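Below is the file model_2.tsv, which contains TSV, C-alpha atoms.
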```tsv
chain	number	residue	atom	x	y	z
P	503	MET	CA	-64.04	4.33	50.21
P	504	THR	CA	-63.82	2.58	46.84
P	505	ALA	CA	-64.71	4.73	43.84
P	506	ARG	CA	-67.74	3.57	41.89
P	507	MET	CA	-67.24	2.21	38.39
P	508	TYR	CA	-70.07	2.46	35.86
P	509	TYR	CA	-70.77	-0.30	33.36
P	510	ASP	CA	-73.14	-1.09	30.50
P	511	ALA	CA	-76.08	-1.53	32.87
P	512	ASP	CA	-75.57	2.05	34.10
P	513	ALA	CA	-75.67	3.64	30.65
P	514	ASP	CA	-78.55	3.71	28.16
P	515	LEU	CA	-77.71	4.22	24.49
P	516	GLN	CA	-81.26	5.43	23.97
P	517	ALA	CA	-80.09	8.75	25.41
P	518	LEU	CA	-78.24	9.28	22.12
P	519	ARG	CA	-81.09	8.31	19.83
P	520	GLY	CA	-82.12	11.17	17.58
P	521	GLN	CA	-79.00	13.05	18.71
P	522	PRO	CA	-76.65	13.63	15.77
P	523	ILE	CA	-73.00	13.51	16.85
P	524	ALA	CA	-70.11	15.45	15.35
P	525	VAL	CA	-66.62	14.10	15.93
P	526	LEU	CA	-64.09	16.85	15.23
P	527	GLY	CA	-60.81	15.24	14.24
P	528	TYR	CA	-59.88	11.84	12.86
P	529	GLY	CA	-56.55	11.07	14.52
P	530	SER	CA	-55.81	8.47	17.18
P	531	GLN	CA	-58.93	9.12	19.28
P	532	GLY	CA	-61.10	10.65	16.56
P	533	HIS	CA	-61.17	7.64	14.29
P	534	ALA	CA	-61.89	5.30	17.22
P	535	HIS	CA	-64.75	7.38	18.62
P	536	ALA	CA	-66.36	7.87	15.22
P	537	LEU	CA	-66.18	4.22	14.20
P	538	ASN	CA	-67.24	2.82	17.57
P	539	LEU	CA	-70.19	5.21	17.84
P	540	ARG	CA	-71.27	4.34	14.31
P	541	ASP	CA	-71.06	0.62	15.08
P	542	SER	CA	-73.11	1.24	18.22
P	543	GLY	CA	-75.90	2.59	16.03
P	544	CYS	CA	-75.31	6.30	16.57
P	545	ASP	CA	-75.73	9.02	13.96
P	546	VAL	CA	-72.14	10.17	13.37
P	547	ARG	CA	-70.46	12.65	11.08
P	548	VAL	CA	-66.78	13.67	11.08
P	549	GLY	CA	-65.72	17.30	10.93
P	550	LEU	CA	-62.44	17.93	9.10
P	551	PRO	CA	-61.01	20.88	7.16
P	552	GLU	CA	-61.05	20.61	3.38
P	553	SER	CA	-57.24	20.40	3.47
P	554	SER	CA	-57.10	17.46	5.88
P	555	ARG	CA	-55.50	14.30	4.55
P	556	SER	CA	-57.64	12.32	6.98
P	557	ARG	CA	-60.81	13.01	4.97
P	558	GLU	CA	-60.11	10.14	2.58
P	559	ALA	CA	-59.45	7.71	5.42
P	560	ALA	CA	-62.76	8.61	7.06
P	561	ARG	CA	-64.67	8.34	3.79
P	562	ALA	CA	-63.07	4.97	3.13
P	563	GLU	CA	-64.74	3.75	6.34
P	564	GLY	CA	-68.11	4.91	5.06
P	565	LEU	CA	-68.35	7.91	7.38
P	566	ARG	CA	-69.92	11.21	6.37
P	567	VAL	CA	-67.23	13.87	6.21
P	568	LEU	CA	-68.11	17.56	6.49
P	569	THR	CA	-66.23	20.69	7.38
P	570	PRO	CA	-66.06	21.29	11.16
P	571	ALA	CA	-68.62	24.10	10.92
P	572	GLU	CA	-71.03	21.99	8.86
P	573	ALA	CA	-70.68	19.05	11.24
P	574	CYS	CA	-71.31	21.28	14.27
P	575	ALA	CA	-74.36	22.84	12.64
P	576	GLU	CA	-75.95	19.41	12.18
P	577	ALA	CA	-75.02	17.96	15.55
P	578	ASP	CA	-76.64	17.95	18.96
P	579	ILE	CA	-73.44	16.51	20.49
P	580	ILE	CA	-70.04	17.90	19.50
P	581	MET	CA	-66.91	15.97	20.54
P	582	VAL	CA	-63.63	17.87	20.12
P	583	LEU	CA	-60.80	15.43	19.38
P	584	ILE	CA	-57.97	17.54	18.01
P	585	PRO	CA	-54.72	18.53	19.78
P	586	ASP	CA	-55.14	20.73	22.86
P	587	THR	CA	-53.25	23.64	21.34
P	588	ALA	CA	-55.48	23.77	18.26
P	589	GLN	CA	-58.81	23.53	20.04
P	590	ARG	CA	-59.44	27.18	20.88
P	591	GLU	CA	-59.03	28.34	17.27
P	592	LEU	CA	-61.34	25.60	16.01
P	593	TYR	CA	-63.81	26.33	18.80
P	594	ASP	CA	-63.99	30.02	17.93
P	595	ALA	CA	-64.28	29.42	14.19
P	596	ALA	CA	-66.54	26.39	13.88
P	597	VAL	CA	-68.14	25.52	17.21
P	598	VAL	CA	-69.23	28.83	18.77
P	599	PRO	CA	-71.48	29.88	15.84
P	600	ASN	CA	-73.29	26.54	16.13
P	601	LEU	CA	-73.67	26.18	19.91
P	602	LYS	CA	-77.41	26.46	20.14
P	603	PRO	CA	-79.21	25.91	23.48
P	604	GLY	CA	-79.49	22.25	24.47
P	605	LYS	CA	-76.42	21.05	22.62
P	606	MET	CA	-73.64	19.20	24.41
P	607	LEU	CA	-69.96	20.08	23.95
P	608	MET	CA	-67.60	17.23	24.76
P	609	PHE	CA	-63.87	16.71	25.22
P	610	ALA	CA	-61.55	13.76	25.82
P	611	HIS	CA	-59.16	15.86	27.92
P	612	GLY	CA	-59.98	18.81	30.17
P	613	PHE	CA	-57.01	21.06	29.33
P	614	ASN	CA	-58.86	23.87	27.53
P	615	ILE	CA	-61.71	24.02	30.03
P	616	ARG	CA	-59.49	23.70	33.11
P	617	PHE	CA	-57.19	26.54	32.05
P	618	GLY	CA	-59.90	28.83	30.68
P	619	LEU	CA	-58.90	28.74	27.03
P	620	ILE	CA	-62.43	27.73	26.10
P	621	GLU	CA	-65.38	29.17	28.03
P	622	PRO	CA	-68.65	27.68	26.72
P	623	PRO	CA	-71.92	29.58	27.09
P	624	GLN	CA	-74.24	28.68	29.94
P	625	HIS	CA	-76.98	27.31	27.67
P	626	VAL	CA	-75.06	24.16	26.63
P	627	ASP	CA	-73.98	21.00	28.42
P	628	VAL	CA	-70.23	20.48	28.78
P	629	SER	CA	-68.82	17.04	29.51
P	630	MET	CA	-65.92	14.70	28.98
P	631	VAL	CA	-65.24	11.06	28.15
P	632	ALA	CA	-61.53	10.31	28.34
P	633	PRO	CA	-60.35	6.80	27.38
P	634	LYS	CA	-57.37	5.63	29.42
P	635	GLY	CA	-55.60	4.25	26.39
P	636	PRO	CA	-54.58	5.20	22.85
P	637	GLY	CA	-57.15	5.34	20.08
P	638	HIS	CA	-56.02	2.19	18.31
P	639	LEU	CA	-56.80	0.22	21.48
P	640	VAL	CA	-60.15	1.98	21.89
P	641	ARG	CA	-61.00	0.73	18.40
P	642	SER	CA	-59.43	-2.75	18.48
P	643	THR	CA	-60.83	-3.70	21.89
P	644	TYR	CA	-64.29	-2.50	20.84
P	645	ALA	CA	-64.09	-4.60	17.66
P	646	ALA	CA	-63.15	-7.59	19.82
P	647	GLY	CA	-66.21	-7.10	22.03
P	648	GLN	CA	-64.27	-5.50	24.87
P	649	GLY	CA	-63.40	-1.92	25.79
P	650	VAL	CA	-60.90	0.51	27.31
P	651	PRO	CA	-61.64	2.03	30.74
P	652	CYS	CA	-62.63	5.70	30.61
P	653	LEU	CA	-63.02	8.71	32.84
P	654	PHE	CA	-66.14	10.84	32.54
P	655	ALA	CA	-67.10	14.22	33.91
P	656	VAL	CA	-69.94	16.69	33.66
P	657	HIS	CA	-68.75	20.29	33.82
P	658	ALA	CA	-72.07	21.98	33.02
P	659	ASP	CA	-75.58	20.53	32.90
P	660	ALA	CA	-77.81	23.09	31.23
P	661	THR	CA	-80.36	20.53	30.01
P	662	GLY	CA	-80.57	18.21	33.00
P	663	THR	CA	-79.58	15.32	30.71
P	664	ALA	CA	-75.81	15.82	30.53
P	665	ARG	CA	-74.90	12.93	32.81
P	666	GLU	CA	-77.24	10.53	31.05
P	667	ARG	CA	-75.94	11.51	27.62
P	668	THR	CA	-72.30	11.41	28.73
P	669	LEU	CA	-72.63	7.88	30.10
P	670	ALA	CA	-74.40	6.85	26.90
P	671	TYR	CA	-71.52	8.27	24.86
P	672	ALA	CA	-69.06	6.30	27.01
P	673	ARG	CA	-71.06	3.17	26.26
P	674	GLY	CA	-71.14	4.03	22.58
P	675	ILE	CA	-67.35	3.92	22.34
P	676	GLY	CA	-67.12	0.76	24.45
P	677	GLY	CA	-65.93	2.35	27.68
P	678	THR	CA	-68.64	0.95	29.94
P	679	ARG	CA	-67.68	-2.58	28.89
P	680	ALA	CA	-64.46	-2.09	30.86
P	681	GLY	CA	-65.80	0.43	33.36
P	682	VAL	CA	-65.86	4.22	33.60
P	683	LEU	CA	-64.94	6.34	36.59
P	684	GLU	CA	-66.43	9.74	37.42
P	685	THR	CA	-64.08	12.68	37.88
P	686	SER	CA	-63.96	16.43	37.22
P	687	PHE	CA	-62.29	18.41	34.44
P	688	ALA	CA	-59.75	19.76	36.93
P	689	GLU	CA	-58.90	16.39	38.45
P	690	GLU	CA	-58.56	14.67	35.08
P	691	THR	CA	-56.39	17.42	33.63
P	692	GLU	CA	-54.08	17.79	36.61
P	693	THR	CA	-53.55	14.07	37.17
P	694	ASP	CA	-53.12	13.39	33.45
P	695	LEU	CA	-50.47	16.09	33.01
P	696	PHE	CA	-48.68	15.00	36.19
P	697	GLY	CA	-48.70	11.33	35.21
P	698	GLU	CA	-47.28	12.14	31.78
P	699	GLN	CA	-44.53	14.39	33.10
P	700	ALA	CA	-43.46	12.70	36.31
P	701	VAL	CA	-43.96	9.02	35.49
P	702	LEU	CA	-45.29	7.77	32.16
P	703	CYS	CA	-43.27	9.92	29.77
P	704	GLY	CA	-40.86	12.30	31.46
P	705	GLY	CA	-39.99	10.09	34.42
P	706	VAL	CA	-39.64	6.81	32.55
P	707	THR	CA	-37.69	8.18	29.59
P	708	SER	CA	-35.28	10.06	31.85
P	709	LEU	CA	-34.73	6.96	33.98
P	710	VAL	CA	-34.11	4.79	30.92
P	711	LYS	CA	-31.66	7.30	29.43
P	712	ALA	CA	-29.81	7.72	32.72
P	713	GLY	CA	-29.50	3.96	33.21
P	714	PHE	CA	-28.26	3.44	29.66
P	715	ASP	CA	-25.71	6.26	29.94
P	716	THR	CA	-24.47	5.00	33.33
P	717	LEU	CA	-23.69	1.55	31.94
P	718	VAL	CA	-22.14	2.82	28.71
P	719	ASP	CA	-20.02	5.40	30.54
P	720	ALA	CA	-18.77	2.59	32.78
P	721	GLY	CA	-17.55	0.67	29.72
P	722	TYR	CA	-20.35	-1.82	29.14
P	723	GLN	CA	-21.58	-2.63	25.63
P	724	PRO	CA	-24.30	-0.22	24.42
P	725	GLU	CA	-26.34	-3.15	23.11
P	726	LEU	CA	-26.32	-4.83	26.51
P	727	ALA	CA	-27.22	-1.53	28.18
P	728	TYR	CA	-30.16	-1.17	25.78
P	729	PHE	CA	-31.49	-4.63	26.63
P	730	GLU	CA	-31.19	-4.04	30.38
P	731	CYS	CA	-32.62	-0.51	30.52
P	732	MET	CA	-35.07	-0.32	27.60
P	733	HIS	CA	-35.98	-3.66	26.05
P	734	GLU	CA	-36.81	-5.47	29.28
P	735	LEU	CA	-38.88	-2.58	30.59
P	736	LYS	CA	-41.91	-3.84	28.67
P	737	LEU	CA	-41.69	-7.22	30.38
P	738	ILE	CA	-41.79	-5.58	33.80
P	739	VAL	CA	-44.57	-3.15	32.89
P	740	ASP	CA	-46.68	-5.99	31.46
P	741	LEU	CA	-46.42	-7.83	34.78
P	742	MET	CA	-47.46	-4.72	36.70
P	743	TYR	CA	-50.31	-4.16	34.22
P	744	GLN	CA	-51.57	-7.70	34.84
P	745	GLY	CA	-51.20	-7.91	38.60
P	746	GLY	CA	-49.75	-4.78	40.16
P	747	LEU	CA	-46.42	-4.31	41.89
P	748	SER	CA	-46.78	-7.44	44.03
P	749	TYR	CA	-47.36	-9.72	41.04
P	750	MET	CA	-44.36	-8.23	39.24
P	751	ARG	CA	-42.19	-8.87	42.30
P	752	TYR	CA	-43.58	-12.40	42.59
P	753	SER	CA	-42.71	-13.05	38.94
P	754	VAL	CA	-39.10	-11.84	38.96
P	755	SER	CA	-36.17	-13.41	40.81
P	756	ASP	CA	-35.69	-12.95	44.55
P	757	THR	CA	-32.48	-11.08	43.74
P	758	ALA	CA	-34.39	-8.62	41.55
P	759	GLU	CA	-37.10	-8.24	44.18
P	760	TYR	CA	-34.54	-7.53	46.92
P	761	GLY	CA	-32.80	-4.99	44.66
P	762	ASP	CA	-36.18	-3.34	44.11
P	763	TYR	CA	-36.70	-2.85	47.84
P	764	VAL	CA	-33.23	-1.60	48.76
P	765	SER	CA	-32.20	0.37	45.65
P	766	GLY	CA	-35.43	1.82	44.28
P	767	PRO	CA	-35.80	4.32	47.15
P	768	LYS	CA	-32.25	5.52	46.48
P	769	VAL	CA	-33.16	6.39	42.88
P	770	VAL	CA	-36.52	7.91	43.70
P	771	ASP	CA	-35.52	9.62	46.93
P	772	GLN	CA	-36.85	12.58	48.91
P	773	ARG	CA	-35.44	15.05	46.41
P	774	THR	CA	-37.27	13.27	43.58
P	775	ARG	CA	-40.51	13.45	45.53
P	776	GLU	CA	-39.97	17.16	46.13
P	777	VAL	CA	-39.45	17.66	42.39
P	778	MET	CA	-42.68	15.75	41.73
P	779	ARG	CA	-44.56	18.01	44.14
P	780	SER	CA	-43.07	21.02	42.36
P	781	LEU	CA	-44.19	19.67	38.99
P	782	LEU	CA	-47.70	19.17	40.35
P	783	GLY	CA	-47.66	22.71	41.71
P	784	ASP	CA	-46.74	24.10	38.29
P	785	ILE	CA	-49.60	22.15	36.75
P	786	ARG	CA	-52.20	23.18	39.30
P	787	ASP	CA	-51.34	26.89	39.27
P	788	GLY	CA	-51.34	27.01	35.47
P	789	SER	CA	-47.60	27.67	35.03
P	790	PHE	CA	-47.06	24.65	32.80
P	791	ALA	CA	-50.13	25.47	30.68
P	792	ARG	CA	-48.94	29.04	30.19
P	793	ARG	CA	-45.47	27.89	29.12
P	794	TRP	CA	-46.94	25.37	26.67
P	795	ILE	CA	-49.35	27.94	25.21
P	796	GLU	CA	-46.51	30.48	24.84
P	797	GLU	CA	-44.31	27.83	23.22
P	798	ASN	CA	-46.96	27.16	20.59
P	799	ALA	CA	-47.59	30.86	20.02
P	800	ALA	CA	-43.86	31.28	19.31
P	801	GLY	CA	-43.86	28.48	16.73
P	802	ARG	CA	-42.58	25.72	19.05
P	803	PRO	CA	-38.84	26.52	18.79
P	804	ASN	CA	-37.86	24.69	21.98
P	805	PHE	CA	-40.20	21.77	21.31
P	806	VAL	CA	-38.67	21.19	17.86
P	807	GLU	CA	-35.15	21.41	19.28
P	808	TYR	CA	-35.97	18.96	22.09
P	809	ARG	CA	-37.54	16.50	19.68
P	810	ASP	CA	-34.63	16.58	17.23
P	811	GLU	CA	-32.04	16.18	20.00
P	812	GLU	CA	-33.85	13.27	21.64
P	813	GLN	CA	-34.39	11.40	18.35
P	814	HIS	CA	-30.62	11.34	17.77
P	815	LEU	CA	-29.50	10.01	21.15
P	816	PRO	CA	-27.17	6.97	21.16
P	817	ILE	CA	-29.84	4.82	22.84
P	818	GLU	CA	-32.19	5.55	19.91
P	819	ARG	CA	-29.56	4.59	17.33
P	820	VAL	CA	-28.57	1.39	19.15
P	821	GLY	CA	-32.19	0.46	19.76
P	822	ALA	CA	-33.20	0.96	16.12
P	823	GLU	CA	-30.36	-1.30	14.97
P	824	LEU	CA	-31.30	-4.04	17.43
P	825	ARG	CA	-35.04	-3.87	16.77
P	826	ALA	CA	-34.43	-4.17	13.03
P	827	ARG	CA	-33.02	-7.67	13.69
P	828	MET	CA	-36.01	-8.78	15.76
P	829	SER	CA	-38.34	-10.22	13.14
P	830	TRP	CA	-41.00	-11.05	15.74
P	831	LEU	CA	-41.20	-7.52	17.09
P	832	ASP	CA	-43.05	-5.59	14.38
P	833	ALA	CA	-40.62	-2.73	14.94
P	834	LYS	CA	-41.93	0.81	14.45
P	835	ALA	CA	-40.34	4.06	13.38
P	836	VAL	CA	-41.49	7.65	13.56
P	837	PRO	CA	-43.20	8.50	10.23
P	838	GLU	CA	-41.84	11.32	8.16
P	839	ALA	CA	-45.20	13.05	8.18
P	840	ALA	CA	-48.35	12.06	10.05
P	841	PRO	CA	-51.89	12.96	8.86
P	842	VAL	CA	-53.45	16.08	10.38
```

Could I get this file's structure written as structure tokens?
Amino acid sequence: MTARMYYDADADLQALRGQPIAVLGYGSQGHAHALNLRDSGCDVRVGLPESSRSREAARAEGLRVLTPAEACAEADIIMVLIPDTAQRELYDAAVVPNLKPGKMLMFAHGFNIRFGLIEPPQHVDVSMVAPKGPGHLVRSTYAAGQGVPCLFAVHADATGTARERTLAYARGIGGTRAGVLETSFAEETETDLFGEQAVLCGGVTSLVKAGFDTLVDAGYQPELAYFECMHELKLIVDLMYQGGLSYMRYSVSDTAEYGDYVSGPKVVDQRTREVMRSLLGDIRDGSFARRWIEENAAGRPNFVEYRDEEQHLPIERVGAELRARMSWLDAKAVPEAAPV
């Protein structure tokens, strides 16, 4: 059975009329949600601490900027768009005192609800709209008259209007232009964490590094190894993005397609699948969440060590040197300090 997608015709922005919205955070997702909602005619204010460097950026866009507590006090709809590990502290300090009956508490990822870090009272609606793309695309596609697909979920419907308001919010940020899919907080959280760890981030980066190291260790030029295992990856992913696995295979050479069929299963073999199932098990039983929460409570010692080690790998050095010569690429580098 094909899952139903919801579009503009299924969502009525009138459900947000007279409903002040507080967007807590002004990072990748926060700025996109706030600006798109404003441009959709919604009553938006941004909640940021007095110390946040993002306050000026939000004000420069003409948005009202308040402290998180002030924004929550004014709002009927509160969207929490700060990092997962910082949400509980903000929730306790700024959101809880202002969660009056009838309000709706929203998230763009279900982590804190799924793992019980935040437990909202029964007199408020709790829902989620999760764009399946980074914030800059949520904003740029909206500005171009398009949108990024989203997931939506209703965790608690105290008012009887949670679903209507959640779909309206999805329309307000442009999601229903591309289509939104209904899910649950648990399903979104578990699949999102698994996808990041096993495929999109952990799986892909480990595969790229292993391929690069295999070629270099065998005596091939690091620059050539970079092109084969990192640079060309985007070309393949773009083809899959446009037309799936079959279109990618149609677009590459027959030799590459044959190599895909006979060699891919040797790389991702039964052991790899067993590891994936183990990763999913750790996510579903809360083991990963507990480790990540403990890591943050300890000041992120392992996280900082991992990040520093990975940023100084040979593939990163070689890649940076090559990208600097590609004038057409608009090469990027990790900033020294990003706004909070």

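The residue that comes closest to P:Leu550, out of P:Glu730, P:Glu811, P:Asp832, P:Glu572 and on the basis of only C-alpha atoms, is P:Glu572.
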
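With atom CA of P:Gly705 on one side and atom CA of P:His535 on the other, the separation reads 29.5 Å.
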
If we count only C-alpha atoms, what is near P:Gly527 at a cut-off of 7 Å, once residues fewer than 4 positions away on the same chain are taken out, given as JSON, numbers by chain?
{"P": [532, 548, 549, 550, 583, 584]}

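If you look at atom CA of P:Arg506 and atom CA of P:Arg775, they are 29.2 Å away from each other.
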
With a cut-off of 12 Å, could you pull out the residues of stretch 751-795 of chain P touching stretch 616-635 of chain P and give me the nearest pair of atoms for each, distance in Å to one decimal, using only C-alpha atoms, ordered by chain and ascending number, as a Markdown table?
```
| residue | atom | partner | partner_atom | distance |
| --- | --- | --- | --- | --- |
| P:Ile785 | CA | P:Phe617 | CA | 9.9 |
| P:Arg786 | CA | P:Phe617 | CA | 9.4 |
| P:Asp787 | CA | P:Phe617 | CA | 9.3 |
| P:Gly788 | CA | P:Phe617 | CA | 6.8 |
| P:Ser789 | CA | P:Phe617 | CA | 10.1 |
| P:Phe790 | CA | P:Phe617 | CA | 10.3 |
| P:Ala791 | CA | P:Phe617 | CA | 7.3 |
| P:Arg792 | CA | P:Phe617 | CA | 8.8 |
| P:Trp794 | CA | P:Phe617 | CA | 11.6 |
| P:Ile795 | CA | P:Leu619 | CA | 9.8 |
```

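Pairwise distance (atom CA of P:Gln521, atom CA of P:Leu683) equals 23.7 Å.
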
Got a sec: who's within 12 Å of P:Ala835, counting all atoms listed in the file, leaving out chain neighbours fewer than 5 positions off, as a PyMOL selection string?
chain P and resi 813+818-819+821-823+825-826+840

As a compact mmCIF listing (two decimals), in the coordinates of the input, the rebuilt stretch 715-745 of chain P with N, CA and C atoms:
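File part.txt, as written:
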```txt
# COMPACT_ATOMS: atom_id res chain seq x y z
N ASP P 715 -26.94 5.47 29.94
CA ASP P 715 -25.71 6.26 29.94
C ASP P 715 -24.76 5.81 31.05
N THR P 716 -25.31 5.44 32.21
CA THR P 716 -24.47 5.00 33.33
C THR P 716 -23.69 3.75 32.96
N LEU P 717 -24.36 2.80 32.33
CA LEU P 717 -23.69 1.55 31.94
C LEU P 717 -22.67 1.79 30.83
N VAL P 718 -23.06 2.56 29.82
CA VAL P 718 -22.14 2.82 28.71
C VAL P 718 -20.91 3.60 29.18
N ASP P 719 -21.13 4.60 30.02
CA ASP P 719 -20.02 5.40 30.54
C ASP P 719 -19.07 4.55 31.38
N ALA P 720 -19.60 3.47 31.96
CA ALA P 720 -18.77 2.59 32.78
C ALA P 720 -18.06 1.53 31.94
N GLY P 721 -18.27 1.57 30.61
CA GLY P 721 -17.55 0.67 29.72
C GLY P 721 -18.30 -0.55 29.25
N TYR P 722 -19.58 -0.67 29.59
CA TYR P 722 -20.35 -1.82 29.14
C TYR P 722 -20.83 -1.61 27.70
N GLN P 723 -21.13 -2.71 27.02
CA GLN P 723 -21.58 -2.63 25.63
C GLN P 723 -22.91 -1.88 25.52
N PRO P 724 -23.04 -0.95 24.58
CA PRO P 724 -24.30 -0.22 24.42
C PRO P 724 -25.49 -1.15 24.16
N GLU P 725 -25.24 -2.22 23.41
CA GLU P 725 -26.34 -3.15 23.11
C GLU P 725 -26.85 -3.82 24.38
N LEU P 726 -25.91 -4.22 25.25
CA LEU P 726 -26.32 -4.83 26.51
C LEU P 726 -27.05 -3.82 27.38
N ALA P 727 -26.56 -2.58 27.40
CA ALA P 727 -27.22 -1.53 28.18
C ALA P 727 -28.64 -1.29 27.67
N TYR P 728 -28.82 -1.35 26.36
CA TYR P 728 -30.16 -1.17 25.78
C TYR P 728 -31.10 -2.27 26.26
N PHE P 729 -30.64 -3.52 26.20
CA PHE P 729 -31.49 -4.63 26.63
C PHE P 729 -31.88 -4.48 28.10
N GLU P 730 -30.93 -4.11 28.94
CA GLU P 730 -31.19 -4.04 30.38
C GLU P 730 -32.10 -2.86 30.75
N CYS P 731 -31.94 -1.74 30.09
CA CYS P 731 -32.62 -0.51 30.52
C CYS P 731 -33.82 -0.11 29.67
N MET P 732 -33.95 -0.68 28.48
CA MET P 732 -35.07 -0.32 27.60
C MET P 732 -35.89 -1.55 27.21
N HIS P 733 -35.24 -2.52 26.61
CA HIS P 733 -35.98 -3.66 26.05
C HIS P 733 -36.77 -4.40 27.12
N GLU P 734 -36.14 -4.67 28.25
CA GLU P 734 -36.81 -5.47 29.28
C GLU P 734 -37.86 -4.68 30.06
N LEU P 735 -37.90 -3.39 29.87
CA LEU P 735 -38.88 -2.58 30.59
C LEU P 735 -40.30 -3.04 30.29
N LYS P 736 -40.56 -3.40 29.03
CA LYS P 736 -41.91 -3.84 28.67
C LYS P 736 -42.31 -5.09 29.45
N LEU P 737 -41.38 -6.00 29.65
CA LEU P 737 -41.69 -7.22 30.38
C LEU P 737 -42.14 -6.90 31.80
N ILE P 738 -41.45 -5.96 32.44
CA ILE P 738 -41.79 -5.58 33.80
C ILE P 738 -43.13 -4.84 33.85
N VAL P 739 -43.33 -3.91 32.92
CA VAL P 739 -44.57 -3.15 32.89
C VAL P 739 -45.76 -4.07 32.62
N ASP P 740 -45.59 -5.05 31.73
CA ASP P 740 -46.68 -5.99 31.46
C ASP P 740 -47.09 -6.74 32.72
N LEU P 741 -46.10 -7.13 33.53
CA LEU P 741 -46.42 -7.83 34.78
C LEU P 741 -47.17 -6.92 35.75
N MET P 742 -46.75 -5.67 35.84
CA MET P 742 -47.46 -4.72 36.70
C MET P 742 -48.87 -4.48 36.18
N TYR P 743 -49.01 -4.38 34.86
CA TYR P 743 -50.31 -4.16 34.22
C TYR P 743 -51.27 -5.30 34.57
N GLN P 744 -50.73 -6.53 34.60
CA GLN P 744 -51.57 -7.70 34.84
C GLN P 744 -51.91 -7.89 36.32
N GLY P 745 -50.96 -7.58 37.21
CA GLY P 745 -51.20 -7.91 38.60
C GLY P 745 -50.65 -6.96 39.63
```
